[in-house]
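Have a look at data.cif below; it lists mmCIF, C-alpha atoms.
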data_protein
#
loop_
_atom_site.label_atom_id
_atom_site.label_comp_id
_atom_site.auth_asym_id
_atom_site.auth_seq_id
_atom_site.Cartn_x
_atom_site.Cartn_y
_atom_site.Cartn_z
CA MET A 203 217.37 93.95 0.14
CA ARG A 204 220.89 94.43 1.39
CA ALA A 205 222.26 97.93 1.21
CA ARG A 206 225.66 96.62 0.06
CA SER A 207 226.36 93.75 -2.29
CA ARG A 208 229.08 91.18 -1.68
CA PHE A 209 229.93 91.18 -5.39
CA PRO A 210 232.80 93.16 -6.90
CA HIS A 211 231.82 96.70 -7.71
CA ASP A 212 231.21 97.33 -11.39
CA PRO A 213 229.84 100.77 -12.20
CA VAL A 214 227.90 99.54 -15.25
CA VAL A 215 226.31 96.64 -13.37
CA GLN A 216 225.64 99.02 -10.51
CA ALA A 217 223.84 101.39 -12.86
CA TYR A 218 221.66 98.56 -14.16
CA LYS A 219 220.73 97.58 -10.59
CA ALA A 220 218.73 100.78 -10.31
CA GLY A 221 216.33 99.34 -12.88
CA VAL A 222 216.01 95.86 -11.41
CA ASP A 223 212.44 94.93 -10.50
CA ARG A 224 212.94 93.81 -6.91
CA THR A 225 209.26 93.17 -6.36
CA SER A 226 209.28 90.57 -9.15
CA ILE A 227 212.47 89.04 -7.78
CA ARG A 228 210.95 88.65 -4.32
CA ARG A 229 207.86 87.09 -5.87
CA ASN A 230 209.98 84.68 -7.92
CA LEU A 231 212.05 83.67 -4.92
CA ARG A 232 208.87 82.50 -3.21
CA LEU A 233 208.32 80.06 -6.11
CA THR A 234 210.06 76.73 -6.59
CA PRO A 235 212.51 76.40 -9.51
CA GLU A 236 209.88 74.25 -11.23
CA GLU A 237 207.26 76.97 -10.83
CA ARG A 238 209.72 79.56 -12.17
CA MET A 239 210.26 77.48 -15.32
CA LEU A 240 206.51 77.05 -15.81
CA GLN A 241 206.17 80.80 -15.47
CA LEU A 242 208.85 81.24 -18.15
CA VAL A 243 206.86 78.99 -20.49
CA GLU A 244 203.74 81.10 -19.89
CA LEU A 245 205.71 84.30 -20.48
CA GLN A 246 207.13 82.84 -23.67
CA ARG A 247 203.60 81.98 -24.90
CA PHE A 248 202.44 85.50 -24.08
CA ALA A 249 205.41 87.04 -25.94
CA GLU A 250 204.70 84.83 -28.95
CA ALA A 251 201.03 85.85 -28.94
CA LEU A 252 202.08 89.50 -28.88
CA ARG A 253 204.49 88.95 -31.77
CA ARG A 254 201.73 87.26 -33.80
CA ALA A 255 199.32 90.10 -33.05
CA GLY A 256 201.96 92.63 -34.07
CA ARG A 257 202.60 90.83 -37.36
CA LYS A 258 198.87 90.75 -38.11
CA ALA A 259 198.50 94.44 -37.30
CA ARG A 260 201.41 95.36 -39.58
CA ARG A 261 199.78 93.39 -42.40
CA GLY A 262 196.53 95.28 -41.75
CA GLU A 263 194.53 92.15 -40.90
CA MET B 293 208.95 79.02 -29.63
CA THR B 294 211.28 76.80 -27.65
CA ASP B 295 209.83 73.78 -25.88
CA PHE B 296 211.91 73.94 -22.69
CA ARG B 297 210.14 70.94 -21.21
CA GLY B 298 210.60 68.87 -24.36
CA LEU B 299 214.30 69.62 -24.73
CA LEU B 300 215.21 69.06 -21.09
CA THR B 301 213.12 65.91 -20.87
CA ALA B 302 214.72 64.54 -24.05
CA LEU B 303 218.19 65.04 -22.60
CA VAL B 304 217.33 63.60 -19.20
CA ASP B 305 215.43 60.63 -20.64
CA GLY B 306 218.39 59.99 -22.93
CA GLY B 307 220.73 59.81 -19.95
CA VAL B 308 222.79 62.75 -21.20
CA GLU B 309 225.22 64.26 -18.71
CA PHE B 310 224.71 68.01 -18.93
CA ILE B 311 224.48 71.17 -16.87
CA LEU B 312 221.89 73.81 -17.57
CA VAL B 313 223.51 77.24 -17.94
CA GLY B 314 222.53 80.58 -19.46
CA GLY B 315 219.14 82.24 -19.36
CA ALA B 316 217.10 79.17 -18.44
CA ALA B 317 219.43 78.53 -15.50
CA ALA B 318 218.94 82.16 -14.50
CA THR B 319 215.18 81.64 -14.63
CA ALA B 320 215.48 78.60 -12.37
CA HIS B 321 217.31 80.82 -9.87
CA GLY B 322 214.59 83.48 -9.99
CA SER B 323 215.40 85.75 -12.92
CA THR B 324 212.45 87.58 -14.41
CA ARG B 325 214.05 87.89 -17.85
CA LEU B 326 212.62 86.11 -20.87
CA THR B 327 214.99 83.68 -22.52
CA GLN B 328 214.43 82.05 -25.89
CA ASP B 329 216.68 79.02 -25.85
CA VAL B 330 218.20 76.26 -23.76
CA ASP B 331 221.95 76.39 -23.08
CA VAL B 332 223.67 73.28 -21.78
CA VAL B 333 227.26 72.26 -21.13
CA TYR B 334 227.66 68.57 -21.92
CA SER B 335 230.21 66.00 -20.85
CA ARG B 336 232.66 65.18 -23.64
CA THR B 337 233.07 61.50 -22.76
CA GLN B 338 232.65 59.09 -25.64
CA ALA B 339 229.57 57.51 -24.07
CA ASN B 340 227.95 60.88 -23.48
CA LEU B 341 228.54 62.04 -27.04
CA ALA B 342 226.64 58.94 -28.16
CA ARG B 343 223.81 59.62 -25.69
CA LEU B 344 223.59 63.26 -26.74
CA THR B 345 223.39 62.50 -30.45
CA THR B 346 220.74 59.84 -29.85
CA ALA B 347 218.69 62.05 -27.52
CA LEU B 348 218.44 64.99 -29.94
CA ALA B 349 218.42 63.10 -33.25
CA PRO B 350 214.59 62.74 -33.37
CA TYR B 351 214.34 66.54 -33.28
CA GLN B 352 216.51 67.08 -36.36
CA PRO B 353 219.27 69.34 -34.97
CA TYR B 354 220.69 71.77 -37.50
CA LEU B 355 223.06 74.73 -37.28
CA ARG B 356 221.02 77.76 -36.28
CA GLY B 357 221.00 80.49 -38.87
CA ALA B 358 222.85 78.41 -41.45
CA PRO B 359 221.40 78.02 -44.93
CA ARG B 360 219.53 74.79 -45.55
CA GLY B 361 221.36 72.08 -47.42
CA LEU B 362 224.76 72.31 -45.76
CA PRO B 363 226.46 68.95 -45.26
CA PHE B 364 225.82 68.99 -41.51
CA SER B 365 225.38 65.63 -39.91
CA TRP B 366 224.29 65.32 -36.28
CA ASP B 367 226.43 62.42 -35.14
CA GLU B 368 229.18 61.53 -32.70
CA GLN B 369 231.90 62.38 -35.17
CA THR B 370 230.57 65.89 -35.64
CA LEU B 371 230.38 66.37 -31.89
CA ARG B 372 233.89 65.01 -31.42
CA ARG B 373 235.34 67.30 -34.08
CA GLY B 374 233.52 70.38 -32.80
CA LEU B 375 232.91 71.78 -29.36
CA ASN B 376 230.13 74.33 -29.14
CA PHE B 377 227.04 74.05 -31.32
CA THR B 378 224.21 76.56 -31.63
CA LEU B 379 221.37 74.45 -32.91
CA THR B 380 217.81 74.72 -33.98
CA THR B 381 215.58 71.68 -33.56
CA THR B 382 211.93 70.86 -34.02
CA LEU B 383 211.60 71.55 -30.28
CA GLY B 384 213.28 74.94 -30.58
CA ASP B 385 216.72 76.38 -30.10
CA ILE B 386 219.42 74.79 -27.98
CA ASP B 387 223.07 75.67 -27.47
CA VAL B 388 225.07 72.52 -26.87
CA LEU B 389 228.36 73.67 -25.36
CA GLY B 390 231.51 71.71 -24.67
CA GLU B 391 233.01 74.64 -22.79
CA ILE B 392 232.03 78.09 -21.66
CA VAL B 393 234.26 81.11 -21.10
CA GLY B 394 235.22 81.47 -17.47
CA GLY B 395 233.78 78.12 -16.54
CA GLY B 396 235.41 75.43 -18.64
CA GLY B 397 233.77 72.13 -19.42
CA PHE B 398 231.36 69.78 -17.71
CA ASP B 399 233.88 68.41 -15.21
CA ASP B 400 234.99 71.91 -14.23
CA LEU B 401 231.40 73.07 -13.71
CA ARG B 402 230.05 69.93 -12.03
CA PRO B 403 231.18 70.97 -8.50
CA HIS B 404 229.29 74.24 -8.97
CA ALA B 405 226.05 72.64 -10.15
CA ILE B 406 222.99 71.90 -8.08
CA GLU B 407 220.27 69.38 -8.81
CA LEU B 408 216.84 70.87 -9.38
CA THR B 409 213.55 69.34 -10.41
CA LEU B 410 212.37 71.08 -13.56
CA PHE B 411 209.33 69.91 -15.50
CA GLY B 412 209.25 66.88 -13.24
CA VAL B 413 212.75 65.67 -14.10
CA PRO B 414 216.05 66.07 -12.22
CA VAL B 415 218.32 68.56 -13.94
CA LEU B 416 221.80 69.74 -12.99
CA CYS B 417 221.77 73.52 -13.03
CA LEU B 418 224.78 75.80 -12.66
CA GLY B 419 224.77 77.42 -9.21
CA LEU B 420 223.93 81.08 -8.98
CA GLU B 421 227.37 82.31 -7.88
CA LYS B 422 229.10 80.45 -10.73
CA LEU B 423 226.47 81.60 -13.21
CA ILE B 424 227.27 85.21 -12.29
CA GLU B 425 230.99 84.46 -12.56
CA VAL B 426 230.76 83.00 -16.06
CA LYS B 427 228.51 85.80 -17.26
CA ARG B 428 231.09 88.29 -15.99
CA ALA B 429 233.87 86.33 -17.70
CA ALA B 430 231.97 86.26 -21.00
CA GLY B 431 232.18 90.04 -20.98
CA ARG B 432 229.26 90.53 -23.34
CA PRO B 433 227.53 93.89 -23.01
CA LYS B 434 224.10 92.19 -23.14
CA ASP B 435 224.98 90.21 -20.02
CA LEU B 436 225.60 93.23 -17.82
CA GLU B 437 221.91 93.83 -17.19
CA ALA B 438 221.41 90.13 -16.45
CA ILE B 439 224.36 90.18 -14.02
CA ALA B 440 222.79 93.11 -12.18
CA GLU B 441 219.59 91.15 -11.66
CA LEU B 442 221.39 87.92 -10.70
CA GLU B 443 223.46 89.73 -8.10
CA GLU B 444 220.30 91.24 -6.65
CA ILE B 445 218.77 87.75 -6.54
CA ALA B 446 221.84 86.34 -4.79
CA ASP B 447 221.83 89.16 -2.24
CA ALA B 448 218.08 88.85 -1.67
CA ASP B 449 218.35 85.08 -1.32
CA GLU B 450 221.11 85.47 1.25
CA ASP B 451 218.97 87.88 3.24
CA SER B 452 215.87 85.69 3.23
#

How would this structure read if it were set down as structure tokens?
Amino acid sequence: MRARSRFPHDPVVQAYKAGVDRTSIRRNLRLTPEERMLQLVELQRFAEALRRAGRKARRGE
Amino acid sequence: MTDFRGLLTALVDGGVEFILVGGAAATAHGSTRLTQDVDVVYSRTQANLARLTTALAPYQPYLRGAPRGLPFSWDEQTLRRGLNFTLTTTLGDIDVLGEIVGGGGFDDLRPHAIELTLFGVPVLCLGLEKLIEVKRAAGRPKDLEAIAELEEIADADEDS
């Protein structure tokens, strides 16, 4: 990663950068855009499965 | 759950002129954030309005969050009279935008778009630098975290 960004300094954005997962970014940048979209679809399915499980748990099933 | 493949393929197969923007565009550039809908900026030419209405019609577009039964008709006239539509369809949610803050319309954004292959079809996607610019211009608090990640991606990409 570069020590300094070429983008205009914004203290709020800068604060958020501390929490950016650079390992995941590097991994994503090794993928093709197509692979990144397929990964999004998988992530979306996973999130939906979690939501369903949460709903079931709240209903006591 | 939004069918990203289905929505993008429907638009491409229908010959719709559009540019992918928003969270899905960010994903294509390497963002790790989960997005729930497809955002596109479409060309406002007469022919494209016809293609857009035809392409999405099978998926029953309706105003997202609006009560059922409103006199909403997905046709060229509706598109002509409006500009930006947040829609729900049987394939999931899609924002069909005539213009975006800080970026303008299709013709303004076209020079900043790159062609990517997504789900096996060619899709125009807003370039990373412009995507950051329009997110900054939108000025929404929820975008600030996304901007931070996109800037890191742009800097990392430049270094690689």

Closest-contact table, chain A side, partner chain B, 9 Å, counting all atoms listed in the file, as JSON lines:
{"residue": "A:Met203", "atom": "CA", "partner": "B:Ala448", "partner_atom": "CA", "distance": 5.5}
{"residue": "A:Arg204", "atom": "CA", "partner": "B:Asp447", "partner_atom": "CA", "distance": 6.5}
{"residue": "A:Arg206", "atom": "CA", "partner": "B:Asp447", "partner_atom": "CA", "distance": 8.7}
{"residue": "A:Ser207", "atom": "CA", "partner": "B:Asp447", "partner_atom": "CA", "distance": 6.4}
{"residue": "A:Arg208", "atom": "CA", "partner": "B:Asp447", "partner_atom": "CA", "distance": 7.5}
{"residue": "A:Phe209", "atom": "CA", "partner": "B:Glu443", "partner_atom": "CA", "distance": 7.2}
{"residue": "A:Val214", "atom": "CA", "partner": "B:Leu436", "partner_atom": "CA", "distance": 7.2}
{"residue": "A:Val215", "atom": "CA", "partner": "B:Ala440", "partner_atom": "CA", "distance": 5.1}
{"residue": "A:Gln216", "atom": "CA", "partner": "B:Ala440", "partner_atom": "CA", "distance": 6.8}
{"residue": "A:Ala217", "atom": "CA", "partner": "B:Ala440", "partner_atom": "CA", "distance": 8.4}
{"residue": "A:Tyr218", "atom": "CA", "partner": "B:Glu437", "partner_atom": "CA", "distance": 5.6}
{"residue": "A:Lys219", "atom": "CA", "partner": "B:Ala440", "partner_atom": "CA", "distance": 5.2}
{"residue": "A:Ala220", "atom": "CA", "partner": "B:Ala440", "partner_atom": "CA", "distance": 8.9}
{"residue": "A:Gly221", "atom": "CA", "partner": "B:Glu441", "partner_atom": "CA", "distance": 8.9}
{"residue": "A:Val222", "atom": "CA", "partner": "B:Glu441", "partner_atom": "CA", "distance": 5.9}
{"residue": "A:Asp223", "atom": "CA", "partner": "B:Glu441", "partner_atom": "CA", "distance": 8.2}
{"residue": "A:Arg224", "atom": "CA", "partner": "B:Glu444", "partner_atom": "CA", "distance": 7.8}
{"residue": "A:Ser226", "atom": "CA", "partner": "B:Thr324", "partner_atom": "CA", "distance": 6.8}
{"residue": "A:Ile227", "atom": "CA", "partner": "B:Gly322", "partner_atom": "CA", "distance": 6.3}
{"residue": "A:Arg228", "atom": "CA", "partner": "B:Ala448", "partner_atom": "CA", "distance": 7.6}
{"residue": "A:Arg229", "atom": "CA", "partner": "B:Gly322", "partner_atom": "CA", "distance": 8.7}
{"residue": "A:Asn230", "atom": "CA", "partner": "B:Gly322", "partner_atom": "CA", "distance": 5.2}
{"residue": "A:Leu231", "atom": "CA", "partner": "B:Gly322", "partner_atom": "CA", "distance": 5.7}
{"residue": "A:Arg232", "atom": "CA", "partner": "B:Gly322", "partner_atom": "CA", "distance": 8.9}
{"residue": "A:Leu233", "atom": "CA", "partner": "B:Gly322", "partner_atom": "CA", "distance": 8.1}
{"residue": "A:Thr234", "atom": "CA", "partner": "B:Ala320", "partner_atom": "CA", "distance": 8.1}
{"residue": "A:Pro235", "atom": "CA", "partner": "B:Ala320", "partner_atom": "CA", "distance": 4.7}
{"residue": "A:Glu236", "atom": "CA", "partner": "B:Leu410", "partner_atom": "CA", "distance": 4.7}
{"residue": "A:Glu237", "atom": "CA", "partner": "B:Leu410", "partner_atom": "CA", "distance": 8.3}
{"residue": "A:Arg238", "atom": "CA", "partner": "B:Ala320", "partner_atom": "CA", "distance": 5.8}
{"residue": "A:Met239", "atom": "CA", "partner": "B:Ala320", "partner_atom": "CA", "distance": 6.1}
{"residue": "A:Leu240", "atom": "CA", "partner": "B:Phe411", "partner_atom": "CA", "distance": 7.7}
{"residue": "A:Leu242", "atom": "CA", "partner": "B:Leu326", "partner_atom": "CA", "distance": 6.7}
{"residue": "A:Val243", "atom": "CA", "partner": "B:Phe296", "partner_atom": "CA", "distance": 7.5}
{"residue": "A:Leu245", "atom": "CA", "partner": "B:Leu326", "partner_atom": "CA", "distance": 7.2}
{"residue": "A:Gln246", "atom": "CA", "partner": "B:Leu326", "partner_atom": "CA", "distance": 7.0}
{"residue": "A:Arg247", "atom": "CA", "partner": "B:Met293", "partner_atom": "CA", "distance": 7.7}
{"residue": "A:Ala249", "atom": "CA", "partner": "B:Leu326", "partner_atom": "CA", "distance": 8.9}
{"residue": "A:Glu250", "atom": "CA", "partner": "B:Met293", "partner_atom": "CA", "distance": 7.2}

Can you translate the PyMOL selection byres ((chain B and resi 370) around 12) into the concrete residues it hits in this file, as JSON, numbers by chain?
{"B": [341, 342, 344, 345, 353, 354, 355, 363, 364, 365, 366, 367, 368, 369, 371, 372, 373, 374, 375, 376, 377]}

Provide the atom CA of B:Leu300 to atom CA of B:Gly384 distance in Å, to one decimal place.
11.3 Å

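Relative to atom CA of B:Leu379, atom CA of B:Arg432 is found at 20.3 Å.
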
Starting from the displayed file, determine the output of the PyMOL selection byres ((chain B and resi 303) around 10) and express the residue list as a PDB file with C-alpha atoms, keeping the file's coordinate frame.
ATOM      1  CA  GLY B 298     210.600  68.870 -24.360  1.00  0.00           C
ATOM      2  CA  LEU B 299     214.300  69.620 -24.730  1.00  0.00           C
ATOM      3  CA  LEU B 300     215.210  69.060 -21.090  1.00  0.00           C
ATOM      4  CA  THR B 301     213.120  65.910 -20.870  1.00  0.00           C
ATOM      5  CA  ALA B 302     214.720  64.540 -24.050  1.00  0.00           C
ATOM      6  CA  VAL B 304     217.330  63.600 -19.200  1.00  0.00           C
ATOM      7  CA  ASP B 305     215.430  60.630 -20.640  1.00  0.00           C
ATOM      8  CA  GLY B 306     218.390  59.990 -22.930  1.00  0.00           C
ATOM      9  CA  GLY B 307     220.730  59.810 -19.950  1.00  0.00           C
ATOM     10  CA  VAL B 308     222.790  62.750 -21.200  1.00  0.00           C
ATOM     11  CA  GLU B 309     225.220  64.260 -18.710  1.00  0.00           C
ATOM     12  CA  PHE B 310     224.710  68.010 -18.930  1.00  0.00           C
ATOM     13  CA  VAL B 332     223.670  73.280 -21.780  1.00  0.00           C
ATOM     14  CA  ARG B 343     223.810  59.620 -25.690  1.00  0.00           C
ATOM     15  CA  LEU B 344     223.590  63.260 -26.740  1.00  0.00           C
ATOM     16  CA  THR B 345     223.390  62.500 -30.450  1.00  0.00           C
ATOM     17  CA  THR B 346     220.740  59.840 -29.850  1.00  0.00           C
ATOM     18  CA  ALA B 347     218.690  62.050 -27.520  1.00  0.00           C
ATOM     19  CA  LEU B 348     218.440  64.990 -29.940  1.00  0.00           C
ATOM     20  CA  VAL B 415     218.320  68.560 -13.940  1.00  0.00           C
TER      21      VAL B 415
END

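For the pair atom CA of B:Ala405 and atom CA of B:Gly419, the interatomic distance is 5.0 Å.
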
Listed atoms of stretch 234-251 of chain A boxed axis-aligned with 6 Å per side, centre + edges as lines of an AutoDock Vina configuration file:
center_x = 206.8
center_y = 80.6
center_z = -17.8
size_x = 23.5
size_y = 24.8
size_z = 34.4

Using the chain letters and numbering of this document, enumerate as a tab-separated table (two decimals) with C-alpha atoms, in the coordinates of the input the residues selected by the PyMOL selection byres ((chain B and resi 335) around 6).
chain	number	residue	atom	x	y	z
B	309	GLU	CA	225.22	64.26	-18.71
B	334	TYR	CA	227.66	68.57	-21.92
B	336	ARG	CA	232.66	65.18	-23.64
B	337	THR	CA	233.07	61.50	-22.76
B	398	PHE	CA	231.36	69.78	-17.71

Write out as number ranges by chain which residues come within 6 Å of B:Thr381 when counting only C-alpha atoms, dropping same-chain ones fewer than 4 positions away.
B: 351-353, 385

Skipping near chain neighbours, those fewer than 3 positions away, what residues fall within 12 Å of B:Ile392 using all atoms listed in the file, listed as a ChimeraX atom specification?
/B:311-314,331-334,375-377,387-389,395-401,418,422-423,425-431
